[in-house]
Structures are given as structure tokens and as C-alpha cells.
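Structure file final-v2.txt (compact mmCIF, C-alpha atoms) is printed below.
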# COMPACT_ATOMS: atom_id res chain seq x y z
CA MET A 1 -191.37 -115.71 119.66
CA ALA A 2 -191.68 -116.57 123.34
CA LEU A 3 -194.36 -119.15 122.64
CA ASN A 4 -192.19 -120.73 119.98
CA GLU A 5 -189.23 -121.01 122.37
CA SER A 6 -191.51 -122.42 125.07
CA GLY A 7 -192.79 -125.00 122.62
CA GLN A 8 -189.25 -126.00 121.74
CA GLU A 9 -188.48 -126.47 125.42
CA ASP A 10 -191.61 -128.60 125.88
CA VAL A 11 -190.49 -130.84 123.03
CA LEU A 12 -187.03 -131.11 124.59
CA ILE A 13 -188.54 -132.06 127.98
CA ALA A 14 -190.75 -134.66 126.31
CA HIS A 15 -187.67 -136.24 124.74
CA GLN A 16 -185.99 -136.28 128.15
CA GLN A 17 -189.00 -138.02 129.73
CA MET A 18 -188.76 -140.79 127.16
CA PHE A 19 -185.03 -141.10 127.77
CA GLN A 20 -185.63 -141.54 131.51
CA VAL A 21 -187.67 -144.64 130.73
CA GLN A 22 -184.92 -145.91 128.43
CA LEU A 23 -182.07 -145.09 130.82
CA THR A 24 -181.89 -148.57 132.31
CA ALA A 25 -181.42 -150.07 128.88
CA GLU A 26 -177.88 -151.12 128.04
CA GLY A 27 -177.33 -148.65 125.19
CA PRO A 28 -178.24 -145.33 126.88
CA LEU A 29 -176.65 -146.39 130.17
CA THR A 30 -173.42 -147.26 128.34
CA LYS A 31 -173.45 -143.87 126.61
CA LEU A 32 -173.89 -142.14 129.95
CA LEU A 33 -170.99 -144.07 131.50
CA VAL A 34 -168.77 -143.28 128.49
CA ALA A 35 -169.58 -139.56 128.78
CA VAL A 36 -168.81 -139.55 132.50
CA PHE A 37 -165.59 -141.50 131.96
CA MET A 38 -164.40 -139.15 129.20
CA SER A 39 -165.19 -136.09 131.31
CA ALA A 40 -163.32 -137.52 134.30
CA LEU A 41 -160.37 -138.53 132.09
CA PHE A 42 -159.95 -135.11 130.50
CA ILE A 43 -160.39 -133.30 133.81
CA SER A 44 -157.62 -135.50 135.18
CA VAL A 45 -155.32 -134.72 132.23
CA ASN A 46 -156.01 -130.99 132.59
CA SER A 47 -155.34 -131.23 136.32
CA ILE A 48 -151.98 -132.92 135.76
CA MET A 49 -151.04 -130.23 133.25
CA PHE A 50 -152.14 -127.55 135.74
CA VAL A 51 -149.99 -129.11 138.49
CA THR A 52 -147.10 -129.15 136.01
CA LEU A 53 -147.47 -125.42 135.38
CA ARG A 54 -147.59 -124.72 139.11
CA SER A 55 -144.52 -126.80 139.88
CA LYS A 56 -141.91 -124.38 138.52
CA ALA A 57 -141.39 -120.72 139.36
CA VAL A 58 -140.70 -119.92 135.69
CA PHE A 59 -144.18 -121.15 134.79
CA ARG A 60 -145.86 -119.29 137.66
CA ASP A 61 -144.12 -116.00 136.74
CA THR A 62 -144.36 -116.09 132.93
CA PRO A 63 -147.56 -114.49 131.53
CA ARG A 64 -148.06 -117.00 128.69
CA TYR A 65 -147.93 -119.94 131.11
CA VAL A 66 -150.15 -118.16 133.65
CA LEU A 67 -152.77 -117.62 130.94
CA PHE A 68 -152.38 -121.24 129.83
CA ALA A 69 -152.90 -122.43 133.42
CA HIS A 70 -156.00 -120.25 133.67
CA MET A 71 -157.32 -121.77 130.43
CA LEU A 72 -156.83 -125.28 131.83
CA CYS A 73 -158.59 -124.37 135.07
CA ASN A 74 -161.45 -122.67 133.22
CA ASP A 75 -161.89 -125.59 130.80
CA SER A 76 -161.89 -128.13 133.64
CA ILE A 77 -164.54 -126.18 135.58
CA GLN A 78 -166.70 -125.86 132.49
CA LEU A 79 -166.33 -129.55 131.69
CA LEU A 80 -167.25 -130.53 135.26
CA PHE A 81 -170.36 -128.34 135.48
CA SER A 82 -171.48 -129.03 131.90
CA SER A 83 -171.24 -132.77 132.55
CA LEU A 84 -173.19 -132.36 135.78
CA MET A 85 -175.98 -130.45 134.01
CA TYR A 86 -175.99 -133.03 131.22
CA ILE A 87 -176.37 -135.91 133.66
CA ILE A 88 -179.14 -134.08 135.55
CA SER A 89 -181.04 -133.45 132.32
CA LEU A 90 -180.68 -137.05 131.16
CA CYS A 91 -181.95 -138.35 134.49
CA TYR A 92 -184.86 -135.90 134.35
CA VAL A 93 -184.12 -134.51 137.83
CA GLN A 94 -185.74 -131.32 139.10
CA VAL A 95 -183.50 -128.97 141.10
CA ALA A 96 -184.10 -125.76 143.03
CA LYS A 97 -183.91 -122.60 140.92
CA ALA A 98 -181.13 -121.28 143.14
CA VAL A 99 -179.02 -124.38 142.43
CA CYS A 100 -179.84 -124.21 138.73
CA SER A 101 -178.81 -120.55 138.68
CA ILE A 102 -175.40 -121.41 140.13
CA LEU A 103 -174.90 -124.16 137.54
CA ILE A 104 -175.88 -121.82 134.72
CA LEU A 105 -173.73 -118.99 136.13
CA VAL A 106 -170.62 -121.19 136.14
CA THR A 107 -171.21 -122.87 132.77
CA ALA A 108 -172.13 -119.62 131.00
CA SER A 109 -169.20 -117.72 132.53
CA THR A 110 -166.61 -120.36 131.68
CA SER A 111 -168.01 -120.67 128.13
CA ARG A 112 -167.53 -116.95 127.62
CA ASN A 113 -164.13 -116.97 129.35
CA ALA A 114 -162.66 -119.45 126.87
CA PRO A 115 -162.63 -117.24 123.73
CA ILE A 116 -161.74 -114.10 125.70
CA ASN A 117 -158.77 -115.92 127.26
CA LEU A 118 -157.65 -116.92 123.75
CA ALA A 119 -157.73 -113.25 122.74
CA VAL A 120 -155.55 -112.25 125.70
CA MET A 121 -153.10 -115.08 124.94
CA SER A 122 -152.90 -113.89 121.33
CA LEU A 123 -152.20 -110.32 122.42
CA GLU A 124 -149.43 -111.55 124.71
CA ARG A 125 -147.77 -113.38 121.80
CA TYR A 126 -148.25 -110.32 119.59
CA VAL A 127 -146.42 -108.11 122.11
CA ALA A 128 -143.66 -110.72 122.56
CA ILE A 129 -142.91 -110.83 118.81
CA CYS A 130 -143.71 -107.32 117.60
CA PHE A 131 -142.45 -105.44 120.68
CA PRO A 132 -139.83 -107.77 122.19
CA LEU A 133 -137.96 -105.00 124.02
CA ARG A 134 -141.12 -103.87 125.81
CA HIS A 135 -142.61 -107.31 126.41
CA GLY A 136 -141.25 -107.57 129.94
CA GLU A 137 -142.62 -104.12 130.76
CA ILE A 138 -146.08 -104.66 129.24
CA ALA A 139 -146.76 -108.32 130.02
CA THR A 140 -146.08 -108.39 133.77
CA LYS A 141 -147.41 -110.93 136.25
CA ARG A 142 -149.56 -108.25 137.90
CA ARG A 143 -151.12 -107.17 134.61
CA THR A 144 -151.73 -110.79 133.71
CA GLY A 145 -153.68 -111.23 136.95
CA ALA A 146 -155.66 -108.08 136.16
CA ALA A 147 -156.39 -109.44 132.67
CA ILE A 148 -157.73 -112.67 134.16
CA SER A 149 -160.01 -110.63 136.44
CA VAL A 150 -161.30 -108.72 133.42
CA ILE A 151 -161.91 -112.02 131.61
CA TRP A 152 -164.10 -113.25 134.49
CA PHE A 153 -165.93 -109.92 134.67
CA PHE A 154 -166.93 -110.03 130.99
CA GLY A 155 -167.73 -113.73 131.25
CA ALA A 156 -169.95 -113.45 134.32
CA VAL A 157 -171.66 -110.07 133.89
CA ASN A 158 -174.49 -111.38 131.69
CA PRO A 159 -175.54 -114.39 133.85
CA ILE A 160 -175.24 -112.28 137.01
CA ILE A 161 -177.60 -109.66 135.54
CA ASP A 162 -180.01 -112.45 134.59
CA ILE A 163 -179.94 -113.97 138.08
CA LEU A 164 -180.41 -110.62 139.83
CA TYR A 165 -183.33 -109.71 137.57
CA THR A 166 -185.04 -113.09 137.90
CA SER A 167 -184.62 -113.21 141.68
CA ALA A 168 -186.03 -109.68 142.00
CA THR A 169 -189.09 -110.40 139.85
CA ASP A 170 -189.84 -113.95 141.08
CA PRO A 171 -190.59 -114.26 144.84
CA THR A 172 -190.35 -118.07 144.65
CA PHE A 173 -186.97 -117.98 142.89
CA PHE A 174 -184.92 -119.65 145.64
CA GLY A 175 -187.41 -122.35 146.60
CA GLU A 176 -189.17 -123.49 143.44
CA ARG A 177 -187.90 -126.64 141.75
CA MET A 178 -187.55 -126.96 138.00
CA PHE A 179 -185.87 -128.78 135.12
CA CYS A 180 -182.60 -126.91 134.79
CA THR A 181 -182.25 -125.19 131.42
CA ARG A 182 -181.29 -121.61 130.73
CA GLU A 183 -184.45 -120.95 128.68
CA ARG A 184 -186.76 -122.01 131.53
CA ILE A 185 -185.10 -119.96 134.25
CA PHE A 186 -184.54 -116.77 132.21
CA THR A 187 -187.87 -116.15 130.48
CA ALA A 188 -187.85 -112.43 129.59
CA PRO A 189 -187.35 -111.86 125.82
CA TRP A 190 -184.67 -109.23 126.44
CA GLN A 191 -182.61 -111.78 128.40
CA ARG A 192 -182.39 -114.11 125.41
CA GLU A 193 -181.64 -111.21 123.06
CA LEU A 194 -178.90 -109.90 125.37
CA PHE A 195 -177.41 -113.38 125.72
CA GLU A 196 -177.25 -114.01 121.97
CA GLY A 197 -176.11 -110.45 121.25
CA LEU A 198 -173.20 -110.69 123.69
CA ASN A 199 -172.24 -114.09 122.31
CA ALA A 200 -172.05 -112.59 118.82
CA PHE A 201 -170.17 -109.51 120.05
CA TYR A 202 -167.58 -111.52 121.99
CA PHE A 203 -167.01 -113.91 119.13
CA VAL A 204 -166.57 -111.13 116.54
CA ALA A 205 -164.29 -109.12 118.84
CA VAL A 206 -162.12 -112.14 119.68
CA THR A 207 -161.96 -113.17 116.02
CA LEU A 208 -160.77 -109.69 115.00
CA ILE A 209 -158.13 -109.68 117.74
CA ILE A 210 -156.76 -113.10 116.81
CA VAL A 211 -156.77 -112.36 113.06
CA PHE A 212 -155.03 -109.01 113.69
CA THR A 213 -152.33 -110.60 115.86
CA TYR A 214 -151.95 -113.48 113.39
CA ILE A 215 -151.34 -111.12 110.45
CA SER A 216 -149.04 -108.89 112.50
CA VAL A 217 -146.89 -111.84 113.56
CA MET A 218 -146.73 -113.09 109.95
CA VAL A 219 -145.47 -109.68 108.83
CA ALA A 220 -142.95 -109.60 111.67
CA ALA A 221 -141.72 -113.09 110.80
CA ARG A 222 -141.04 -112.09 107.19
CA SER A 223 -139.41 -108.75 107.92
CA ALA A 224 -137.19 -109.66 110.88
CA SER A 225 -133.99 -111.54 110.23
CA SER A 226 -133.44 -112.15 113.93
CA ASN A 227 -136.00 -113.80 116.18
CA LYS A 228 -137.45 -115.63 113.18
CA GLU A 229 -137.70 -118.88 115.10
CA SER A 230 -139.75 -117.26 117.87
CA ALA A 231 -141.96 -115.57 115.30
CA LYS A 232 -142.54 -118.89 113.56
CA LYS A 233 -143.57 -120.53 116.81
CA ALA A 234 -145.89 -117.63 117.65
CA HIS A 235 -147.37 -117.88 114.15
CA SER A 236 -148.17 -121.56 114.74
CA THR A 237 -149.62 -120.81 118.17
CA LEU A 238 -151.94 -118.10 116.81
CA LEU A 239 -153.09 -120.44 114.04
CA LEU A 240 -154.02 -122.95 116.73
CA HIS A 241 -155.86 -120.14 118.54
CA LEU A 242 -158.05 -119.72 115.45
CA ILE A 243 -158.85 -123.43 115.47
CA GLN A 244 -159.61 -123.34 119.17
CA LEU A 245 -161.80 -120.28 118.63
CA GLY A 246 -163.94 -122.25 116.19
CA LEU A 247 -164.41 -124.92 118.84
CA CYS A 248 -165.37 -122.24 121.38
CA LEU A 249 -168.03 -120.96 118.98
CA ASN A 250 -169.55 -124.44 118.93
CA THR A 251 -169.77 -124.33 122.72
CA LEU A 252 -171.60 -120.98 122.64
CA VAL A 253 -174.24 -122.30 120.20
CA PHE A 254 -174.69 -125.66 121.97
CA GLY A 255 -178.16 -124.74 123.26
CA SER A 256 -179.35 -123.59 119.83
CA ILE A 257 -178.12 -126.81 118.23
CA GLU A 258 -179.94 -128.85 120.87
CA ARG A 259 -183.24 -127.00 120.36
CA LEU A 260 -182.97 -127.49 116.59
CA LEU A 261 -182.40 -131.22 117.08
CA ALA A 262 -185.42 -131.41 119.41
CA MET A 263 -187.72 -129.88 116.79
CA THR A 264 -186.50 -131.91 113.82
CA SER A 265 -185.81 -135.38 115.24
CA SER A 266 -187.69 -138.26 116.76
CA SER A 267 -187.14 -138.97 120.46
CA ARG A 268 -184.68 -141.82 119.94
CA LEU A 269 -182.77 -140.01 117.18
CA PHE A 270 -182.76 -136.82 119.26
CA MET A 271 -181.06 -138.56 122.20
CA ASP A 272 -178.43 -140.07 119.89
CA LEU A 273 -177.72 -136.73 118.20
CA ARG A 274 -177.76 -134.92 121.54
CA TYR A 275 -175.18 -137.35 122.87
CA VAL A 276 -172.90 -136.81 119.85
CA ASN A 277 -173.44 -133.05 120.19
CA PHE A 278 -172.40 -133.19 123.84
CA LEU A 279 -169.22 -135.17 123.11
CA LEU A 280 -168.09 -133.14 120.08
CA VAL A 281 -169.20 -129.65 121.12
CA LEU A 282 -168.61 -129.61 124.87
CA ILE A 283 -166.13 -132.34 125.78
CA LEU A 284 -163.80 -132.29 122.75
CA PRO A 285 -162.76 -128.59 122.95
CA ARG A 286 -162.03 -128.96 126.67
CA CYS A 287 -159.67 -131.91 126.11
CA LEU A 288 -157.67 -130.31 123.30
CA SER A 289 -156.08 -127.54 125.39
CA PRO A 290 -153.27 -129.62 126.96
CA LEU A 291 -152.63 -131.36 123.63
CA ILE A 292 -152.57 -128.16 121.55
CA TYR A 293 -150.54 -125.97 123.88
CA GLY A 294 -148.82 -128.12 126.48
CA LEU A 295 -147.43 -131.08 124.58
CA ARG A 296 -145.99 -128.93 121.78
CA ASP A 297 -144.04 -126.81 124.29
CA ASP A 298 -140.51 -128.18 124.69
CA THR A 299 -140.28 -126.83 128.24
CA VAL A 300 -143.62 -128.10 129.50
CA ARG A 301 -143.79 -131.47 127.73
CA PRO A 302 -141.02 -133.37 129.63
CA LEU A 303 -142.29 -132.22 133.00
CA PHE A 304 -145.90 -133.03 132.10
CA LEU A 305 -144.93 -136.54 131.01
CA PHE A 306 -143.05 -136.96 134.28
CA TYR A 307 -146.09 -136.04 136.37
CA LEU A 308 -148.29 -138.18 134.15
CA GLN A 309 -146.06 -141.16 134.86
CA CYS A 310 -146.14 -140.34 138.57
CA SER A 311 -149.94 -140.34 138.51
CA THR A 312 -149.94 -143.81 136.96
CA HIS A 313 -147.32 -145.04 139.48
CA ARG A 314 -144.79 -145.80 136.74
CA VAL A 315 -142.11 -143.74 138.46
CA LYS A 316 -141.59 -142.39 141.93
CA PRO A 317 -141.87 -138.62 142.38
CA ASN A 318 -138.55 -136.84 142.60
CA VAL A 319 -138.46 -133.86 144.89
CA ASN A 320 -135.70 -132.31 142.78
CA MET A 321 -138.23 -131.80 139.98
CA HIS A 322 -139.79 -129.08 142.09
As C-alpha cells - that is how I would like this structure written.
Amino acid sequence: MALNESGQEDVLIAHQQMFQVQLTAEGPLTKLLVAVFMSALFISVNSIMFVTLRSKAVFRDTPRYVLFAHMLCNDSIQLLFSSLMYIISLCYVQVAKAVCSILILVTASTSRNAPINLAVMSLERYVAICFPLRHGEIATKRRTGAAISVIWFFGAVNPIIDILYTSATDPTFFGERMFCTRERIFTAPWQRELFEGLNAFYFVAVTLIIVFTYISVMVAARSASSNKESAKKAHSTLLLHLIQLGLCLNTLVFGSIERLLAMTSSSRLFMDLRYVNFLLVLILPRCLSPLIYGLRDDTVRPLFLFYLQCSTHRVKPNVNMH
């Protein structure tokens, strides 16, 4: 099994070497510039939405908006570091293992954080609709902060274990340079098995939570004569959570898709498919968060559009908006 994975990585590196030669050509260079531009654009949009959510006390103190702001921050960090790793791999640059470990730690943690954060957001909506009288008691700002800490713990525990193990067993860990991929830095078979096992566990657990809250809110919407409008909105939000969860799954299996493409495609076709994979699997889910959650919120949307206009110098900032 290990030899097979090593062979797949060798094929992937060979494709990258060919791409380095082609990088100065107009086509690949244009693709690289488009990827960088899209990443920068969506990070900017997420940042404006994040500033919007930090501009009002009601957003800073309401659990659903705090979790939304955390999702935006997490998605932007993942997009930034994933784009950086993508550019490094395309340019065939070797980096120190310590630097590669930090890149992998951040990208792996934020990838895992995304579906777990969706589960917590779904639970918050479930409590708001099914237990409205206790929502203020259960979903407090302090508990929301604790939930975010738990999200980061579950997201980071696996890559931290990998880094500690690899640094303890490899004396040259901090100084040796390498092509930065997760498979090359974490070589023990149990590390790959643990990584894939946790990915499956997190996805199944989050899916069960979102499906449970979705069904519970549907039942509440049909049985309650009052608060039907809120239940309907929560129902729509949870449905969007399911869609977003599917996109998060694509992010978790990005590496597996890339290895499959490397083994079944020619070098030129591999680079084209890898580029499409990067745009659709990594960039697209990160740019949908403000569109799915922010722009459909009647409270957030006007303020977001205001800050968006300020950023493009169409209007002058008004201090009263704060």
C-alpha cells in the first residue's frame, strides 16, 4: 500500500515538473493569474462581510452571527493557505519541512473546521426553533466562544499529532527541504488511516446532526401555529447547510481526487483537470458562504452592501453606521 501511494506521489511530482517548464507559456500562466485573482477577490468579499458582522453590537453578541463570522474567517484562512500551497506546487518549489508542516496544519484544520462549524450552526437554529424559550439561556455568547474552541480542537488534533510524531521520529524534520504534500511529510501508514478515518467520522457525524436538526425543524414548522415564519427561515437555512456540507466533503477528498487524476491522465490533461479541481473543490465552497448566508439575511444585507460600496469608493463611510 505504501509503495503504491509513493508511486502515485512520484507521478504527481513528474506532472508538476513538466508544468514548471510550461509555466511561462501563456495558457498556464493565465490560469495561475486567474486562480490568484479569484482567491484574492473572494477573500476580499469574505473580509468585507466579516467587517460588517463586527460593526454592530447585535452581530457581535448574537450566537448565529458569531458562528457565521467564524465561518467567514475560517474559510478565508483556508482559501489563503490552500492557494499558497497550490502556487508553491505549481511552481515546483521546495520548502523546509517545518514550513510545510505549518501550511498543512492550517489547511487541514480549517478544512475540518468547516463541516463542524456547520453542525454547530445547525444546532443553534434547532434550539432557536424547537426550544425558543430556552434559546437565550442555552445559546449564550460565552458558550458560543467555547463551541468555537471545541471546533478548533477537533479540527487541529489530527495534524498536530502527525507533526509531533514526525518531528520526534525524524531528526532532520525542521531543516530538510521537500515538495510540500501531506503524503510526503506524513509517511507512516497509520497516519493516513487515521486521517481518512477521522474525515469519514466527522462527515458522518455532521451529516447526522444536520439531518436531525432539519427534520426536527420541519416537524416544528408544521405543528406550531406561531413562529411559523422563523421556522420556515430556519428550514431554508438548514437545507443550505446540507448543500454546503456536500461542498465541504469535496474539500476533504481533494487530495484523493488529485492522486486519481495523476494516475489516469496525461501530464497536460492532468494539469487542466487539477486546475478545474482546484477552482471547483477548494475555491468555490469558500466563496459561497457570504452569498448563501449573508446576502439572504435582511439585517446583514443592507449593511454589507454599504461597506461593499465604501470599499469601491462609491460612497463615503458614515460614522453613524457604526
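The two atoms in question, atom CA of A:Phe306 and atom CA of A:Ser76, are spaced 20.8 Å apart.
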Can you tell me, as number ranges by chain, what residues are no more than 7 Å from stretch 176-190 of chain A when counting all atoms listed in the file, ignoring any on the same chain fewer than 5 positions away? A: 2, 93-97, 100, 104, 162, 166
With all atoms listed in the file as the counted atoms, please give the residues lying no more than 8 Å from A:Ala98, apart from itself and same-chain residues fewer than 2 positions off, as JSON, numbers by chain. {"A": [96, 100, 101, 102, 173, 174, 175]}
Two-atom distance - atom CA of A:Arg112, atom CA of A:Gly155 (Å):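 Atom CA of A:Gly155 lies at a distance of 4.9 Å from atom CA of A:Arg112.
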re atom CA of A:Val45 and atom CA of A:Ala139: distance 27.8 Å
